[in-house]
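Below is input-v4.pdb, which holds PDB, C-alpha atoms, pLDDT in the B column.
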ATOM      1  CA  MET A   1      65.695 120.132 126.095  1.00 53.00           C
ATOM      2  CA  ASN A   2      66.667 119.981 122.432  1.00 57.00           C
ATOM      3  CA  LYS A   3      70.193 118.848 123.305  1.00 60.00           C
ATOM      4  CA  GLU A   4      68.869 116.064 125.530  1.00 59.00           C
ATOM      5  CA  LEU A   5      66.507 114.864 122.804  1.00 50.00           C
ATOM      6  CA  LEU A   6      69.303 114.962 120.222  1.00 52.00           C
ATOM      7  CA  TYR A   7      71.578 113.004 122.559  1.00 53.00           C
ATOM      8  CA  TYR A   8      68.877 110.354 123.108  1.00 50.00           C
ATOM      9  CA  LEU A   9      68.236 109.989 119.375  1.00 48.00           C
ATOM     10  CA  THR A  10      71.885 109.718 118.393  1.00 50.00           C
ATOM     11  CA  ASN A  11      73.122 107.411 121.145  1.00 53.00           C
ATOM     12  CA  ASP A  12      72.304 103.797 121.838  1.00 48.00           C
ATOM     13  CA  ALA A  13      70.193 103.743 124.980  1.00 46.00           C
ATOM     14  CA  GLY A  14      70.063  99.978 125.322  1.00 52.00           C
ATOM     15  CA  SER A  15      73.321  98.273 124.241  1.00 67.00           C
ATOM     16  CA  LEU A  16      73.378  94.516 124.832  1.00 72.00           C
ATOM     17  CA  THR A  17      76.242  92.698 126.460  1.00 80.00           C
ATOM     18  CA  LEU A  18      78.001  89.810 124.759  1.00 83.00           C
ATOM     19  CA  GLN A  19      76.261  87.344 127.058  1.00 87.00           C
ATOM     20  CA  GLU A  20      72.831  88.777 126.223  1.00 85.00           C
ATOM     21  CA  ILE A  21      73.561  88.654 122.496  1.00 87.00           C
ATOM     22  CA  LEU A  22      74.665  85.018 122.637  1.00 91.00           C
ATOM     23  CA  LEU A  23      71.641  84.121 124.730  1.00 92.00           C
ATOM     24  CA  SER A  24      69.335  85.878 122.261  1.00 91.00           C
ATOM     25  CA  PHE A  25      70.739  83.947 119.316  1.00 93.00           C
ATOM     26  CA  ALA A  26      70.699  80.667 121.235  1.00 94.00           C
ATOM     27  CA  CYS A  27      67.027  81.180 122.038  1.00 94.00           C
ATOM     28  CA  ALA A  28      66.339  82.149 118.407  1.00 93.00           C
ATOM     29  CA  VAL A  29      68.029  78.970 117.170  1.00 94.00           C
ATOM     30  CA  ILE A  30      65.991  76.783 119.517  1.00 95.00           C
ATOM     31  CA  LEU A  31      62.654  78.427 118.755  1.00 94.00           C
ATOM     32  CA  GLY A  32      63.526  78.527 115.063  1.00 94.00           C
ATOM     33  CA  ALA A  33      63.970  74.770 115.242  1.00 94.00           C
ATOM     34  CA  VAL A  34      60.482  74.528 116.777  1.00 94.00           C
ATOM     35  CA  ILE A  35      59.082  76.480 113.820  1.00 94.00           C
ATOM     36  CA  PHE A  36      61.037  74.247 111.439  1.00 93.00           C
ATOM     37  CA  VAL A  37      59.626  71.054 112.967  1.00 91.00           C
ATOM     38  CA  SER A  38      56.107  72.457 113.068  1.00 91.00           C
ATOM     39  CA  TYR A  39      56.214  73.439 109.397  1.00 90.00           C
ATOM     40  CA  ARG A  40      57.616  70.047 108.394  1.00 88.00           C
ATOM     41  CA  PHE A  41      54.956  68.227 110.370  1.00 85.00           C
ATOM     42  CA  CYS A  42      52.006  70.262 109.100  1.00 83.00           C
ATOM     43  CA  HIS A  43      53.016  70.383 105.435  1.00 79.00           C
ATOM     44  CA  THR A  44      53.152  67.236 103.355  1.00 69.00           C
ATOM     45  CA  GLY A  45      53.112  66.359  99.694  1.00 63.00           C
ATOM     46  CA  ALA A  46      53.674  68.863  96.913  1.00 61.00           C
ATOM     47  CA  VAL A  47      52.863  71.839  99.136  1.00 69.00           C
ATOM     48  CA  TYR A  48      55.983  71.291 101.319  1.00 77.00           C
ATOM     49  CA  SER A  49      59.056  73.330 100.418  1.00 82.00           C
ATOM     50  CA  GLY A  50      62.295  72.474 102.191  1.00 83.00           C
ATOM     51  CA  LYS A  51      63.950  75.711 101.086  1.00 87.00           C
ATOM     52  CA  PHE A  52      61.077  77.791 102.429  1.00 87.00           C
ATOM     53  CA  ASN A  53      61.241  75.903 105.721  1.00 89.00           C
ATOM     54  CA  VAL A  54      64.955  76.654 106.073  1.00 91.00           C
ATOM     55  CA  SER A  55      64.302  80.301 105.215  1.00 90.00           C
ATOM     56  CA  LEU A  56      61.848  80.505 108.132  1.00 91.00           C
ATOM     57  CA  TRP A  57      64.590  79.398 110.503  1.00 93.00           C
ATOM     58  CA  MET A  58      67.017  81.904 109.007  1.00 93.00           C
ATOM     59  CA  MET A  59      64.361  84.621 109.140  1.00 91.00           C
ATOM     60  CA  THR A  60      64.140  84.129 112.905  1.00 93.00           C
ATOM     61  CA  LEU A  61      67.895  84.654 113.263  1.00 92.00           C
ATOM     62  CA  VAL A  62      67.970  87.638 110.906  1.00 89.00           C
ATOM     63  CA  THR A  63      65.139  89.349 112.787  1.00 88.00           C
ATOM     64  CA  THR A  64      66.988  88.725 116.053  1.00 90.00           C
ATOM     65  CA  LEU A  65      70.111  90.284 114.557  1.00 87.00           C
ATOM     66  CA  ILE A  66      68.182  93.366 113.450  1.00 85.00           C
ATOM     67  CA  MET A  67      66.576  93.811 116.865  1.00 84.00           C
ATOM     68  CA  CYS A  68      69.957  93.444 118.596  1.00 83.00           C
ATOM     69  CA  VAL A  69      71.374  96.161 116.354  1.00 80.00           C
ATOM     70  CA  ILE A  70      68.440  98.507 116.839  1.00 80.00           C
ATOM     71  CA  GLY A  71      68.061  98.098 120.596  1.00 70.00           C
ATOM     72  CA  ASN A  72      66.324 101.195 121.970  1.00 62.00           C
ATOM     73  CA  ASN A  73      67.897 103.583 119.475  1.00 66.00           C
ATOM     74  CA  ILE A  74      65.001 105.423 117.823  1.00 63.00           C
ATOM     75  CA  ALA A  75      67.121 107.026 115.113  1.00 63.00           C
ATOM     76  CA  LEU A  76      68.660 103.697 114.136  1.00 65.00           C
ATOM     77  CA  SER A  77      65.258 102.024 114.100  1.00 65.00           C
ATOM     78  CA  LEU A  78      63.861 104.674 111.761  1.00 63.00           C
ATOM     79  CA  GLY A  79      66.872 104.286 109.486  1.00 63.00           C
ATOM     80  CA  MET A  80      66.475 100.517 109.469  1.00 66.00           C
ATOM     81  CA  VAL A  81      62.801 100.831 108.507  1.00 63.00           C
ATOM     82  CA  GLY A  82      63.750 103.126 105.660  1.00 60.00           C
ATOM     83  CA  ALA A  83      66.437 100.725 104.455  1.00 60.00           C
ATOM     84  CA  LEU A  84      64.144  97.697 104.587  1.00 63.00           C
ATOM     85  CA  SER A  85      61.309  99.536 102.844  1.00 59.00           C
ATOM     86  CA  ILE A  86      63.172  99.344  99.525  1.00 57.00           C
ATOM     87  CA  VAL A  87      63.191  95.527  99.614  1.00 59.00           C
ATOM     88  CA  ARG A  88      60.580  93.844  97.427  1.00 60.00           C
ATOM     89  CA  PHE A  89      59.630  90.232  98.086  1.00 60.00           C
ATOM     90  CA  ARG A  90      58.376  88.253  95.094  1.00 63.00           C
ATOM     91  CA  THR A  91      58.098  84.800  96.667  1.00 63.00           C
ATOM     92  CA  ALA A  92      54.715  83.272  95.890  1.00 67.00           C
ATOM     93  CA  ILE A  93      52.781  81.926  98.859  1.00 71.00           C
ATOM     94  CA  LYS A  94      51.529  78.475  97.836  1.00 71.00           C
ATOM     95  CA  ASP A  95      49.685  77.791 101.067  1.00 73.00           C
ATOM     96  CA  PRO A  96      47.782  80.323 103.235  1.00 75.00           C
ATOM     97  CA  ARG A  97      49.429  78.780 106.306  1.00 81.00           C
ATOM     98  CA  ASP A  98      52.831  80.000 105.088  1.00 85.00           C
ATOM     99  CA  THR A  99      51.868  83.567 106.017  1.00 86.00           C
ATOM    100  CA  THR A 100      51.298  82.460 109.609  1.00 88.00           C
ATOM    101  CA  TYR A 101      54.740  80.884 109.752  1.00 91.00           C
ATOM    102  CA  ILE A 102      56.379  84.023 108.370  1.00 89.00           C
ATOM    103  CA  PHE A 103      54.817  86.205 111.062  1.00 91.00           C
ATOM    104  CA  TRP A 104      55.643  83.570 113.679  1.00 93.00           C
ATOM    105  CA  ALA A 105      59.324  83.615 112.699  1.00 92.00           C
ATOM    106  CA  ILE A 106      59.430  87.419 112.726  1.00 90.00           C
ATOM    107  CA  ALA A 107      57.673  87.628 116.105  1.00 91.00           C
ATOM    108  CA  VAL A 108      60.078  85.123 117.670  1.00 93.00           C
ATOM    109  CA  GLY A 109      63.041  87.058 116.273  1.00 90.00           C
ATOM    110  CA  VAL A 110      61.703  90.326 117.693  1.00 88.00           C
ATOM    111  CA  CYS A 111      61.133  88.785 121.135  1.00 90.00           C
ATOM    112  CA  CYS A 112      64.589  87.204 121.191  1.00 90.00           C
ATOM    113  CA  GLY A 113      66.199  90.425 119.976  1.00 85.00           C
ATOM    114  CA  ILE A 114      64.756  92.398 122.900  1.00 85.00           C
ATOM    115  CA  CYS A 115      65.588  89.560 125.363  1.00 87.00           C
ATOM    116  CA  ASP A 116      61.942  88.784 126.100  1.00 88.00           C
ATOM    117  CA  TYR A 117      62.451  85.031 126.134  1.00 91.00           C
ATOM    118  CA  LEU A 118      59.406  84.210 128.265  1.00 92.00           C
ATOM    119  CA  ILE A 119      56.938  85.638 125.762  1.00 92.00           C
ATOM    120  CA  ALA A 120      58.838  84.007 122.892  1.00 92.00           C
ATOM    121  CA  GLY A 121      58.778  80.604 124.589  1.00 92.00           C
ATOM    122  CA  ILE A 122      55.164  80.689 125.759  1.00 94.00           C
ATOM    123  CA  GLY A 123      53.907  82.136 122.488  1.00 93.00           C
ATOM    124  CA  SER A 124      55.775  79.554 120.426  1.00 93.00           C
ATOM    125  CA  ALA A 125      54.467  76.729 122.607  1.00 93.00           C
ATOM    126  CA  VAL A 126      50.868  77.876 122.170  1.00 93.00           C
ATOM    127  CA  ILE A 127      51.232  78.412 118.412  1.00 92.00           C
ATOM    128  CA  PHE A 128      52.996  75.066 118.007  1.00 91.00           C
ATOM    129  CA  CYS A 129      50.146  73.229 119.752  1.00 91.00           C
ATOM    130  CA  MET A 130      47.533  75.030 117.666  1.00 89.00           C
ATOM    131  CA  MET A 131      49.356  74.284 114.422  1.00 87.00           C
ATOM    132  CA  VAL A 132      49.700  70.601 115.354  1.00 83.00           C
ATOM    133  CA  LEU A 133      45.971  70.421 116.086  1.00 84.00           C
ATOM    134  CA  LEU A 134      44.764  72.495 113.145  1.00 80.00           C
ATOM    135  CA  GLY A 135      47.715  72.573 110.754  1.00 66.00           C
ATOM    136  CA  ASN A 136      46.726  69.386 108.934  1.00 63.00           C
ATOM    137  CA  ALA A 137      43.347  70.768 107.967  1.00 62.00           C
ATOM    138  CA  ARG A 138      42.708  70.436 104.262  1.00 61.00           C
ATOM    139  CA  GLY A 139      40.364  72.299 101.988  1.00 58.00           C
ATOM    140  CA  ASN A 140      37.335  70.627 100.522  1.00 60.00           C
ATOM    141  CA  ASP A 141      38.323  68.673  97.431  1.00 65.00           C
ATOM    142  CA  ARG A 142      36.384  69.521  94.306  1.00 76.00           C
ATOM    143  CA  TYR A 143      36.132  67.065  91.448  1.00 82.00           C
ATOM    144  CA  LEU A 144      35.651  67.868  87.795  1.00 85.00           C
ATOM    145  CA  LEU A 145      34.071  65.185  85.646  1.00 85.00           C
ATOM    146  CA  ILE A 146      35.037  65.708  82.007  1.00 87.00           C
ATOM    147  CA  VAL A 147      32.995  63.960  79.309  1.00 89.00           C
ATOM    148  CA  ARG A 148      33.957  64.120  75.625  1.00 88.00           C
ATOM    149  CA  ILE A 149      31.641  62.931  72.877  1.00 88.00           C
ATOM    150  CA  ASP A 150      31.716  62.790  69.102  1.00 86.00           C
ATOM    151  CA  GLY A 151      29.858  65.398  67.129  1.00 77.00           C
ATOM    152  CA  SER A 152      27.408  67.980  68.444  1.00 74.00           C
ATOM    153  CA  PRO A 153      26.139  68.120  72.068  1.00 73.00           C
ATOM    154  CA  ASP A 154      23.926  65.248  73.150  1.00 70.00           C
ATOM    155  CA  THR A 155      21.107  65.944  75.581  1.00 79.00           C
ATOM    156  CA  ARG A 156      21.312  62.353  76.764  1.00 82.00           C
ATOM    157  CA  VAL A 157      24.561  63.124  78.576  1.00 83.00           C
ATOM    158  CA  GLU A 158      22.979  65.990  80.489  1.00 83.00           C
ATOM    159  CA  GLU A 159      19.893  63.946  81.319  1.00 83.00           C
ATOM    160  CA  LEU A 160      21.994  61.021  82.531  1.00 84.00           C
ATOM    161  CA  MET A 161      24.202  63.219  84.726  1.00 84.00           C
ATOM    162  CA  GLN A 162      21.252  64.972  86.359  1.00 82.00           C
ATOM    163  CA  CYS A 163      19.409  61.702  86.889  1.00 84.00           C
ATOM    164  CA  PHE A 164      22.429  59.836  88.248  1.00 84.00           C
ATOM    165  CA  TYR A 165      23.434  62.604  90.673  1.00 83.00           C
ATOM    166  CA  ARG A 166      19.858  63.705  91.412  1.00 81.00           C
ATOM    167  CA  ASN A 167      20.294  67.223  90.037  1.00 81.00           C
ATOM    168  CA  LYS A 168      23.317  67.902  92.282  1.00 80.00           C
ATOM    169  CA  ALA A 169      25.946  67.814  89.535  1.00 83.00           C
ATOM    170  CA  ARG A 170      26.805  71.331  88.352  1.00 84.00           C
ATOM    171  CA  LEU A 171      27.512  71.862  84.680  1.00 84.00           C
ATOM    172  CA  ARG A 172      30.426  74.307  84.630  1.00 84.00           C
ATOM    173  CA  VAL A 173      31.643  74.181  81.029  1.00 84.00           C
ATOM    174  CA  LYS A 174      30.040  73.098  77.773  1.00 84.00           C
ATOM    175  CA  ASN A 175      32.313  73.254  74.747  1.00 85.00           C
ATOM    176  CA  THR A 176      30.847  72.552  71.338  1.00 81.00           C
ATOM    177  CA  ALA A 177      32.457  71.885  67.984  1.00 78.00           C
ATOM    178  CA  GLN A 178      31.579  70.063  64.776  1.00 76.00           C
ATOM    179  CA  ALA A 179      33.834  67.086  65.456  1.00 78.00           C
ATOM    180  CA  GLN A 180      33.679  66.907  69.260  1.00 85.00           C
ATOM    181  CA  SER A 181      31.818  68.284  72.275  1.00 86.00           C
ATOM    182  CA  GLU A 182      32.873  68.467  75.907  1.00 89.00           C
ATOM    183  CA  TYR A 183      31.021  68.667  79.203  1.00 89.00           C
ATOM    184  CA  ILE A 184      32.669  69.578  82.516  1.00 88.00           C
ATOM    185  CA  TYR A 185      30.683  68.902  85.698  1.00 89.00           C
ATOM    186  CA  GLU A 186      31.659  69.889  89.234  1.00 85.00           C
ATOM    187  CA  LEU A 187      31.095  67.242  91.898  1.00 83.00           C
ATOM    188  CA  SER A 188      31.678  67.333  95.642  1.00 79.00           C
ATOM    189  CA  ALA A 189      33.672  64.595  97.373  1.00 75.00           C
ATOM    190  CA  SER A 190      30.652  63.502  99.418  1.00 74.00           C
ATOM    191  CA  LEU A 191      28.446  63.285  96.331  1.00 77.00           C
ATOM    192  CA  LEU A 192      31.063  61.227  94.530  1.00 74.00           C
ATOM    193  CA  ARG A 193      31.313  58.792  97.437  1.00 74.00           C
ATOM    194  CA  LYS A 194      27.574  58.404  97.807  1.00 74.00           C
ATOM    195  CA  ARG A 195      27.079  57.564  94.141  1.00 71.00           C
ATOM    196  CA  GLY A 196      29.746  54.867  93.929  1.00 68.00           C
ATOM    197  CA  GLY A 197      32.770  56.860  92.778  1.00 67.00           C
ATOM    198  CA  ILE A 198      33.799  57.205  89.153  1.00 69.00           C
ATOM    199  CA  GLY A 199      33.262  53.605  88.131  1.00 69.00           C
ATOM    200  CA  ASP A 200      29.457  53.509  88.018  1.00 74.00           C
ATOM    201  CA  ILE A 201      28.997  56.807  86.200  1.00 80.00           C
ATOM    202  CA  SER A 202      31.728  55.869  83.702  1.00 81.00           C
ATOM    203  CA  ASN A 203      29.924  52.661  82.787  1.00 80.00           C
ATOM    204  CA  GLU A 204      26.679  54.570  82.344  1.00 80.00           C
ATOM    205  CA  LEU A 205      28.286  57.190  80.127  1.00 83.00           C
ATOM    206  CA  TYR A 206      30.222  54.739  77.988  1.00 83.00           C
ATOM    207  CA  ALA A 207      26.958  52.932  77.332  1.00 81.00           C
ATOM    208  CA  LEU A 208      25.811  56.002  75.426  1.00 83.00           C
ATOM    209  CA  GLU A 209      26.716  56.111  71.771  1.00 81.00           C
ATOM    210  CA  GLY A 210      29.452  58.588  70.878  1.00 82.00           C
ATOM    211  CA  VAL A 211      31.091  58.979  74.288  1.00 85.00           C
ATOM    212  CA  GLN A 212      34.875  58.968  73.815  1.00 85.00           C
ATOM    213  CA  ASN A 213      36.464  59.807  77.165  1.00 85.00           C
ATOM    214  CA  VAL A 214      35.376  60.185  80.775  1.00 87.00           C
ATOM    215  CA  ASN A 215      37.994  61.815  83.030  1.00 85.00           C
ATOM    216  CA  LEU A 216      37.913  62.812  86.696  1.00 82.00           C
ATOM    217  CA  VAL A 217      40.159  65.634  87.948  1.00 81.00           C
ATOM    218  CA  CYS A 218      40.589  66.579  91.617  1.00 77.00           C
ATOM    219  CA  GLN A 219      41.114  70.224  92.529  1.00 69.00           C
ATOM    220  CA  ASN A 220      42.661  71.044  95.889  1.00 62.00           C
ATOM    221  CA  ASP A 221      44.961  73.583  97.529  1.00 53.00           C
ATOM    222  CA  GLU A 222      48.108  71.578  96.848  1.00 50.00           C
ATOM    223  CA  ILE A 223      47.897  71.968  93.098  1.00 44.00           C
ATOM    224  CA  THR A 224      46.776  75.576  93.121  1.00 44.00           C
ATOM    225  CA  PRO A 225      49.470  77.720  91.467  1.00 41.00           C
TER
END
Could you spell out this file's structure in structure tokens?
Amino acid sequence: MNKELLYYLTNDAGSLTLQEILLSFACAVILGAVIFVSYRFCHTGAVYSGKFNVSLWMMTLVTTLIMCVIGNNIALSLGMVGALSIVRFRTAIKDPRDTTYIFWAIAVGVCCGICDYLIAGIGSAVIFCMMVLLGNARGNDRYLLIVRIDGSPDTRVEELMQCFYRNKARLRVKNTAQAQSEYIYELSASLLRKRGGIGDISNELYALEGVQNVNLVCQNDEITP
């Protein structure tokens, strides 16, 4: 019994033929291209990274290579896990969707490496459709209205903001100094649209004595470090 177990652990129980290996990599290349196109389509602007997109394609091929090497050899698989456990990845994920693409690339590579092309194809088709439908979803934009005035804080600014936005503007920061004071209000996109954008409130604020600057800053996922 012990000899049979030792023989099974030390010998490859599922070697792939040359034709199977080439077919696995061909399938990985095709499905990797699907992942590449999906990522390019769903990511635009500053959040898109061409290098990361290429790495997803390469990750699919590398995972396929690993699975072809491992096969059904338990001992080799345990050794591979131990070798890969020392690797530390420091790449920052700028977009939560990137994690989905990483797991997608790994899953496709695993399926291609074990010659399960049907699951790889069907799974990639379903994920691709879902990412096309939902991949362009954007987070709710948050706007910060920054008001700087001369001298000490002026209650007229707070009264005007609450009156203009009907008590829906949130005062997040209030910086005070002898020469200058600063107010930072958080506004939703819908509230900003309903109240005429930045133009109307800017005119109202500049009408107050001492107001120096009125700035509007948009916060969204694309500029999050």
**Pick from A:Cys163, A:Cys112, A:Ile127, A:Leu16, whichever lies nearest to A:Ile30 using all atoms listed in the file** =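 Distance minimum relative to A:Ile30 lands on A:Cys112.
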**Item:** Pick from A:Leu208, A:Leu18, A:Leu61, A:Leu56, whichever lies nearest to A:Ile35 using only C-alpha atoms
**Value:** A:Leu56
**Item:** Residue contacts of stretch 167-184 of chain A (10 Å, all atoms listed in the file) excluding same-chain residues fewer than 5 positions away, as a list of chain:residue names
**Value:**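 My reading of the contact set: A:Tyr143, A:Leu144, A:Leu145, A:Ile146, A:Val147, A:Arg148, A:Ile149, A:Asp150, A:Gly151, A:Ser152, A:Pro153, A:Asp154, A:Val157, A:Glu158, A:Glu159, A:Leu160, A:Met161, A:Gln162, A:Leu191, A:Leu192, A:Gly210, A:Val211, A:Gln212, A:Asn213, A:Val214, A:Asn215, A:Leu216.
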**Asked** What does the distance between atom CA of A:Val217 and atom CA of A:Thr155 come to in Å, to one decimal place?
**Response**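 Distance between the two atoms: 22.7 Å.
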Run the PyMOL selection byres ((chain A and resi 62-64) around 9) on the file and write out the hits as a short mmCIF file (atom, residue, chain, number, x, y, z; two decimals) with C-alpha atoms, keeping the file's coordinate frame.
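Written output follows (result-v2.cif):
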data_model
loop_
_atom_site.label_atom_id
_atom_site.label_comp_id
_atom_site.auth_asym_id
_atom_site.auth_seq_id
_atom_site.Cartn_x
_atom_site.Cartn_y
_atom_site.Cartn_z
CA SER A 24 69.33 85.88 122.26
CA PHE A 25 70.74 83.95 119.32
CA ALA A 28 66.34 82.15 118.41
CA TRP A 57 64.59 79.40 110.50
CA MET A 58 67.02 81.90 109.01
CA MET A 59 64.36 84.62 109.14
CA THR A 60 64.14 84.13 112.90
CA LEU A 61 67.90 84.65 113.26
CA LEU A 65 70.11 90.28 114.56
CA ILE A 66 68.18 93.37 113.45
CA MET A 67 66.58 93.81 116.86
CA CYS A 68 69.96 93.44 118.60
CA VAL A 69 71.37 96.16 116.35
CA ALA A 105 59.32 83.62 112.70
CA ILE A 106 59.43 87.42 112.73
CA ALA A 107 57.67 87.63 116.10
CA VAL A 108 60.08 85.12 117.67
CA GLY A 109 63.04 87.06 116.27
CA VAL A 110 61.70 90.33 117.69
CA CYS A 111 61.13 88.78 121.14
CA CYS A 112 64.59 87.20 121.19
CA GLY A 113 66.20 90.42 119.98
CA ILE A 114 64.76 92.40 122.90
#
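Closest to A:Lys194 among A:Leu31, A:Lys51, A:Tyr165, A:Cys218 is A:Tyr165, based on all atoms listed in the file.
You can rank A:Leu205, A:Val34, A:Cys27, A:Leu22 by their closest distance to A:Val126 using only C-alpha atoms, and at the top of that list sits A:Val34.
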**Asked** Interatomic distance between atom CA of A:Glu204 and atom CA of A:Arg142?
**Response**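 Computed distance, atom CA of A:Glu204 to atom CA of A:Arg142, equals 21.5 Å.
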**Message:** Expand the PyMOL selection byres ((chain A and resi 52) around 12) into the explicit residue set it covers here, and present it as a list of chain:residue names.
**Reply:**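 Output from the PyMOL selection byres ((chain A and resi 52) around 12), applied to this file: A:Ile35, A:Phe36, A:Tyr39, A:Arg40, A:His43, A:Val47, A:Tyr48, A:Ser49, A:Gly50, A:Lys51, A:Asn53, A:Val54, A:Ser55, A:Leu56, A:Trp57, A:Met58, A:Met59, A:Thr91, A:Ala92, A:Ile93, A:Lys94, A:Asp95, A:Asp98, A:Thr99, A:Tyr101, A:Ile102, A:Ala105.
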**Separation of atom CA of A:Tyr185 from atom CA of A:Phe164 in Å** = 12.5 Å
